[in-house]
Amino acid sequence: MTQSAYERAIDTFQAVLNAPAHEAHGSPAELIRAAGLPASSGYRHTATLEAEGMLRRDAQGCYLPGMSAIRIGLQGFGVGRLAPLVQPILLQLRQNTQLTSFLAMAQDLDLHMGPHSIGRETRGTTLQRSYGFETIPSFNIGEVTEISLRWFEGRVARCTNVALIPVESTATSIAVIGLVLDATRGATDLQTRALRQAYGQIAKEEV
């Protein structure tokens, strides 16, 4: 079936936005290759998405999803108000703990990853787009929970240990701020306090 212009545009949009999730790309050429786009149109698409806030660059010049993309994604889960708060809070959390910090959405047995900031102590841990819970977790807003997340590498089941603090809930999902923990030990008091501080910043902005 022949794709419409609209469908091709959506596919291109998704390809470019998904590319930074897999590895760092410091130039338009690297991003275009990773997205599998032809160079003839890839530069134009990349420039347009960056201009519209769908892409941005970090301090090292590598591409990341932009604020507009983050806002659209969070609005889809009903927590769009978190969009302007996420980046500074995740950055501060990562700086305070040296662990990878993230925002994710919990839905039943699934945890869908959102924006994140890679910490020095856990930079070797590659984040997956989604994880599974063994059982539906019993979350309480503002309370830290340590949990093991399940994911698959081919047919091999893997686990990633995290500490999560729920910050907002809707009828169908729960927004959580989290830290990827060292595989050999649980969350320290400092890391738990940092998560509670992050929650406090979000709760303070609630109207």
# chains A, B, ... in the order shown; residues from 1 in each chain; ligands from 1
$ residues_around --residues "A:Ala203" --least-positions-apart "5" --cutoff "10 Å" --atoms "only C-alpha atoms" --output "PDB file with C-alpha atoms, in the first residue's frame"
ATOM      1  CA  GLY A 142       5.777  11.067  47.312  1.00  0.00           C
ATOM      2  CA  VAL A 167       4.964  12.422  41.455  1.00  0.00           C
ATOM      3  CA  GLU A 168       1.553  12.541  39.780  1.00  0.00           C
ATOM      4  CA  GLN A 197      13.632  16.713  47.000  1.00  0.00           C
ATOM      5  CA  ALA A 198      12.755  16.233  43.307  1.00  0.00           C
TER       6      ALA A 198
END
$ select_by_dssp --residues "stretch 90-129 of chain A" --states "helix (DSSP H, G or I)" --output "ChimeraX atom specification"
/A:90-97,120-122
$ write_last_selection --atoms "C-alpha atoms" --output "JSON list (two decimals), in the first residue's frame"
[["chain", "number", "residue", "atom", "x", "y", "z"],
["A", 90, "LEU", "CA", 16.51, 15.50, 36.23],
["A", 91, "LEU", "CA", 19.76, 17.40, 35.76],
["A", 92, "GLN", "CA", 19.90, 18.39, 39.43],
["A", 93, "LEU", "CA", 19.05, 14.85, 40.50],
["A", 94, "ARG", "CA", 21.81, 13.41, 38.33],
["A", 95, "GLN", "CA", 24.34, 15.97, 39.62],
["A", 96, "ASN", "CA", 23.43, 15.24, 43.24],
["A", 97, "THR", "CA", 23.67, 11.45, 42.92],
["A", 120, "ARG", "CA", 28.62, 9.02, 35.69],
["A", 121, "GLU", "CA", 28.15, 6.03, 38.01],
["A", 122, "THR", "CA", 25.61, 4.30, 35.74]]
$ closest_residue --among "A:Ser101, A:Ser130, A:Ser27, A:Ser169" --to "A:Arg57" --atoms "only C-alpha atoms"
A:Ser27
$ residues_around --residues "A:Tyr131" --least-positions-apart "2" --cutoff "6 Å" --atoms "only C-alpha atoms" --output "ChimeraX atom specification"
/A:110-111,149-151
$ write_last_selection --atoms "N, CA and C atoms" --output "PDB file, in the first residue's frame"
ATOM      1  N   ASP A 110       3.627  -2.178  32.944  1.00  0.00           N
ATOM      2  CA  ASP A 110       4.628  -1.573  32.057  1.00  0.00           C
ATOM      3  C   ASP A 110       5.126  -0.240  32.602  1.00  0.00           C
ATOM      4  N   LEU A 111       6.411   0.025  32.352  1.00  0.00           N
ATOM      5  CA  LEU A 111       7.010   1.311  32.675  1.00  0.00           C
ATOM      6  C   LEU A 111       7.610   1.868  31.395  1.00  0.00           C
ATOM      7  N   LEU A 149      13.277  -3.888  37.558  1.00  0.00           N
ATOM      8  CA  LEU A 149      12.549  -3.828  36.295  1.00  0.00           C
ATOM      9  C   LEU A 149      13.040  -4.925  35.361  1.00  0.00           C
ATOM     10  N   ARG A 150      12.131  -5.529  34.642  1.00  0.00           N
ATOM     11  CA  ARG A 150      12.466  -6.635  33.744  1.00  0.00           C
ATOM     12  C   ARG A 150      12.452  -6.171  32.296  1.00  0.00           C
ATOM     13  N   TRP A 151      13.428  -6.642  31.521  1.00  0.00           N
ATOM     14  CA  TRP A 151      13.463  -6.393  30.093  1.00  0.00           C
ATOM     15  C   TRP A 151      14.174  -7.558  29.413  1.00  0.00           C
TER      16      TRP A 151
END
$ closest_residue --among "A:Gln201, A:Ser41, A:Asn161, A:Gln75" --to "A:Thr12" --atoms "only C-alpha atoms"
A:Ser41
$ decode --residues "stretch 160-205 of chain A" --atoms "N, CA and C atoms" --output "mmCIF file, in the first residue's frame"
data_model
loop_
_atom_site.group_PDB
_atom_site.id
_atom_site.type_symbol
_atom_site.label_atom_id
_atom_site.label_comp_id
_atom_site.auth_asym_id
_atom_site.auth_seq_id
_atom_site.Cartn_x
_atom_site.Cartn_y
_atom_site.Cartn_z
ATOM 1 N N THR A 160 16.987 -4.516 35.769
ATOM 2 C CA THR A 160 17.631 -3.248 36.115
ATOM 3 C C THR A 160 17.002 -2.754 37.406
ATOM 4 N N ASN A 161 17.839 -2.473 38.405
ATOM 5 C CA ASN A 161 17.340 -2.010 39.699
ATOM 6 C C ASN A 161 17.207 -0.494 39.704
ATOM 7 N N VAL A 162 16.074 -0.023 40.192
ATOM 8 C CA VAL A 162 15.806 1.417 40.204
ATOM 9 C C VAL A 162 15.158 1.800 41.529
ATOM 10 N N ALA A 163 15.237 3.085 41.829
ATOM 11 C CA ALA A 163 14.461 3.679 42.918
ATOM 12 C C ALA A 163 13.500 4.669 42.276
ATOM 13 N N LEU A 164 12.229 4.567 42.608
ATOM 14 C CA LEU A 164 11.189 5.384 41.987
ATOM 15 C C LEU A 164 10.426 6.179 43.040
ATOM 16 N N ILE A 165 10.013 7.391 42.654
ATOM 17 C CA ILE A 165 9.108 8.159 43.498
ATOM 18 C C ILE A 165 7.970 8.668 42.620
ATOM 19 N N PRO A 166 6.742 8.241 42.875
ATOM 20 C CA PRO A 166 5.608 8.730 42.086
ATOM 21 C C PRO A 166 5.369 10.213 42.360
ATOM 22 N N VAL A 167 5.132 10.969 41.291
ATOM 23 C CA VAL A 167 4.964 12.422 41.455
ATOM 24 C C VAL A 167 3.590 12.904 41.035
ATOM 25 N N GLU A 168 2.886 12.130 40.215
ATOM 26 C CA GLU A 168 1.553 12.541 39.780
ATOM 27 C C GLU A 168 0.846 11.337 39.165
ATOM 28 N N SER A 169 -0.470 11.287 39.331
ATOM 29 C CA SER A 169 -1.231 10.166 38.786
ATOM 30 C C SER A 169 -2.419 10.664 37.983
ATOM 31 N N THR A 170 -2.836 9.849 37.024
ATOM 32 C CA THR A 170 -4.044 10.092 36.246
ATOM 33 C C THR A 170 -4.921 8.845 36.372
ATOM 34 N N ALA A 171 -6.020 8.810 35.634
ATOM 35 C CA ALA A 171 -6.916 7.659 35.711
ATOM 36 C C ALA A 171 -6.259 6.382 35.196
ATOM 37 N N THR A 172 -5.250 6.513 34.328
ATOM 38 C CA THR A 172 -4.684 5.326 33.684
ATOM 39 C C THR A 172 -3.190 5.126 33.922
ATOM 40 N N SER A 173 -2.488 6.103 34.469
ATOM 41 C CA SER A 173 -1.039 5.974 34.598
ATOM 42 C C SER A 173 -0.518 6.788 35.774
ATOM 43 N N ILE A 174 0.744 6.525 36.133
ATOM 44 C CA ILE A 174 1.418 7.228 37.220
ATOM 45 C C ILE A 174 2.761 7.724 36.711
ATOM 46 N N ALA A 175 3.013 9.012 36.868
ATOM 47 C CA ALA A 175 4.309 9.585 36.505
ATOM 48 C C ALA A 175 5.271 9.394 37.662
ATOM 49 N N VAL A 176 6.463 8.845 37.361
ATOM 50 C CA VAL A 176 7.468 8.607 38.396
ATOM 51 C C VAL A 176 8.794 9.240 37.983
ATOM 52 N N ILE A 177 9.493 9.754 38.970
ATOM 53 C CA ILE A 177 10.890 10.161 38.810
ATOM 54 C C ILE A 177 11.738 9.033 39.384
ATOM 55 N N GLY A 178 12.823 8.679 38.694
ATOM 56 C CA GLY A 178 13.601 7.533 39.154
ATOM 57 C C GLY A 178 15.096 7.696 39.008
ATOM 58 N N LEU A 179 15.809 6.793 39.653
ATOM 59 C CA LEU A 179 17.259 6.676 39.548
ATOM 60 C C LEU A 179 17.614 5.234 39.207
ATOM 61 N N VAL A 180 18.537 5.039 38.261
ATOM 62 C CA VAL A 180 19.081 3.712 37.990
ATOM 63 C C VAL A 180 20.141 3.435 39.051
ATOM 64 N N LEU A 181 19.950 2.368 39.807
ATOM 65 C CA LEU A 181 20.832 2.067 40.924
ATOM 66 C C LEU A 181 22.017 1.208 40.507
ATOM 67 N N ASP A 182 23.073 1.310 41.284
ATOM 68 C CA ASP A 182 24.197 0.398 41.132
ATOM 69 C C ASP A 182 23.696 -1.021 41.339
ATOM 70 N N ALA A 183 24.088 -1.927 40.470
ATOM 71 C CA ALA A 183 23.569 -3.296 40.508
ATOM 72 C C ALA A 183 23.953 -4.036 41.785
ATOM 73 N N THR A 184 24.981 -3.562 42.495
ATOM 74 C CA THR A 184 25.475 -4.295 43.657
ATOM 75 C C THR A 184 24.940 -3.771 44.981
ATOM 76 N N ARG A 185 24.201 -2.660 44.967
ATOM 77 C CA ARG A 185 23.683 -2.132 46.234
ATOM 78 C C ARG A 185 22.410 -1.329 45.994
ATOM 79 N N GLY A 186 21.651 -1.141 47.060
ATOM 80 C CA GLY A 186 20.409 -0.404 46.972
ATOM 81 C C GLY A 186 20.631 1.097 47.065
ATOM 82 N N ALA A 187 19.526 1.822 47.166
ATOM 83 C CA ALA A 187 19.590 3.279 47.245
ATOM 84 C C ALA A 187 20.175 3.715 48.594
ATOM 85 N N THR A 188 21.042 4.697 48.564
ATOM 86 C CA THR A 188 21.603 5.261 49.788
ATOM 87 C C THR A 188 20.651 6.318 50.333
ATOM 88 N N ASP A 189 20.911 6.747 51.564
ATOM 89 C CA ASP A 189 20.094 7.814 52.162
ATOM 90 C C ASP A 189 20.171 9.083 51.323
ATOM 91 N N LEU A 190 21.352 9.387 50.816
ATOM 92 C CA LEU A 190 21.517 10.587 49.976
ATOM 93 C C LEU A 190 20.648 10.499 48.730
ATOM 94 N N GLN A 191 20.626 9.341 48.093
ATOM 95 C CA GLN A 191 19.840 9.178 46.871
ATOM 96 C C GLN A 191 18.341 9.240 47.147
ATOM 97 N N THR A 192 17.929 8.665 48.272
ATOM 98 C CA THR A 192 16.521 8.732 48.649
ATOM 99 C C THR A 192 16.101 10.167 48.939
ATOM 100 N N ARG A 193 16.948 10.905 49.644
ATOM 101 C CA ARG A 193 16.645 12.311 49.931
ATOM 102 C C ARG A 193 16.570 13.125 48.648
ATOM 103 N N ALA A 194 17.458 12.815 47.700
ATOM 104 C CA ALA A 194 17.454 13.544 46.428
ATOM 105 C C ALA A 194 16.152 13.312 45.663
ATOM 106 N N LEU A 195 15.642 12.090 45.689
ATOM 107 C CA LEU A 195 14.364 11.792 45.033
ATOM 108 C C LEU A 195 13.222 12.540 45.718
ATOM 109 N N ARG A 196 13.233 12.581 47.042
ATOM 110 C CA ARG A 196 12.181 13.303 47.763
ATOM 111 C C ARG A 196 12.255 14.799 47.483
ATOM 112 N N GLN A 197 13.475 15.305 47.343
ATOM 113 C CA GLN A 197 13.632 16.713 47.000
ATOM 114 C C GLN A 197 13.058 16.992 45.614
ATOM 115 N N ALA A 198 13.299 16.074 44.656
ATOM 116 C CA ALA A 198 12.755 16.233 43.307
ATOM 117 C C ALA A 198 11.228 16.253 43.343
ATOM 118 N N TYR A 199 10.650 15.346 44.140
ATOM 119 C CA TYR A 199 9.195 15.345 44.272
ATOM 120 C C TYR A 199 8.706 16.659 44.865
ATOM 121 N N GLY A 200 9.423 17.149 45.871
ATOM 122 C CA GLY A 200 9.031 18.407 46.505
ATOM 123 C C GLY A 200 9.013 19.570 45.528
ATOM 124 N N GLN A 201 9.963 19.597 44.612
ATOM 125 C CA GLN A 201 9.988 20.660 43.604
ATOM 126 C C GLN A 201 8.775 20.602 42.703
ATOM 127 N N ILE A 202 8.370 19.399 42.341
ATOM 128 C CA ILE A 202 7.193 19.232 41.467
ATOM 129 C C ILE A 202 5.913 19.559 42.228
ATOM 130 N N ALA A 203 5.810 19.082 43.466
ATOM 131 C CA ALA A 203 4.602 19.338 44.253
ATOM 132 C C ALA A 203 4.435 20.828 44.525
ATOM 133 N N LYS A 204 5.531 21.542 44.680
ATOM 134 C CA LYS A 204 5.477 22.979 44.941
ATOM 135 C C LYS A 204 4.877 23.753 43.786
ATOM 136 N N GLU A 205 5.071 23.225 42.547
ATOM 137 C CA GLU A 205 4.571 23.906 41.355
ATOM 138 C C GLU A 205 3.122 23.564 41.045
#
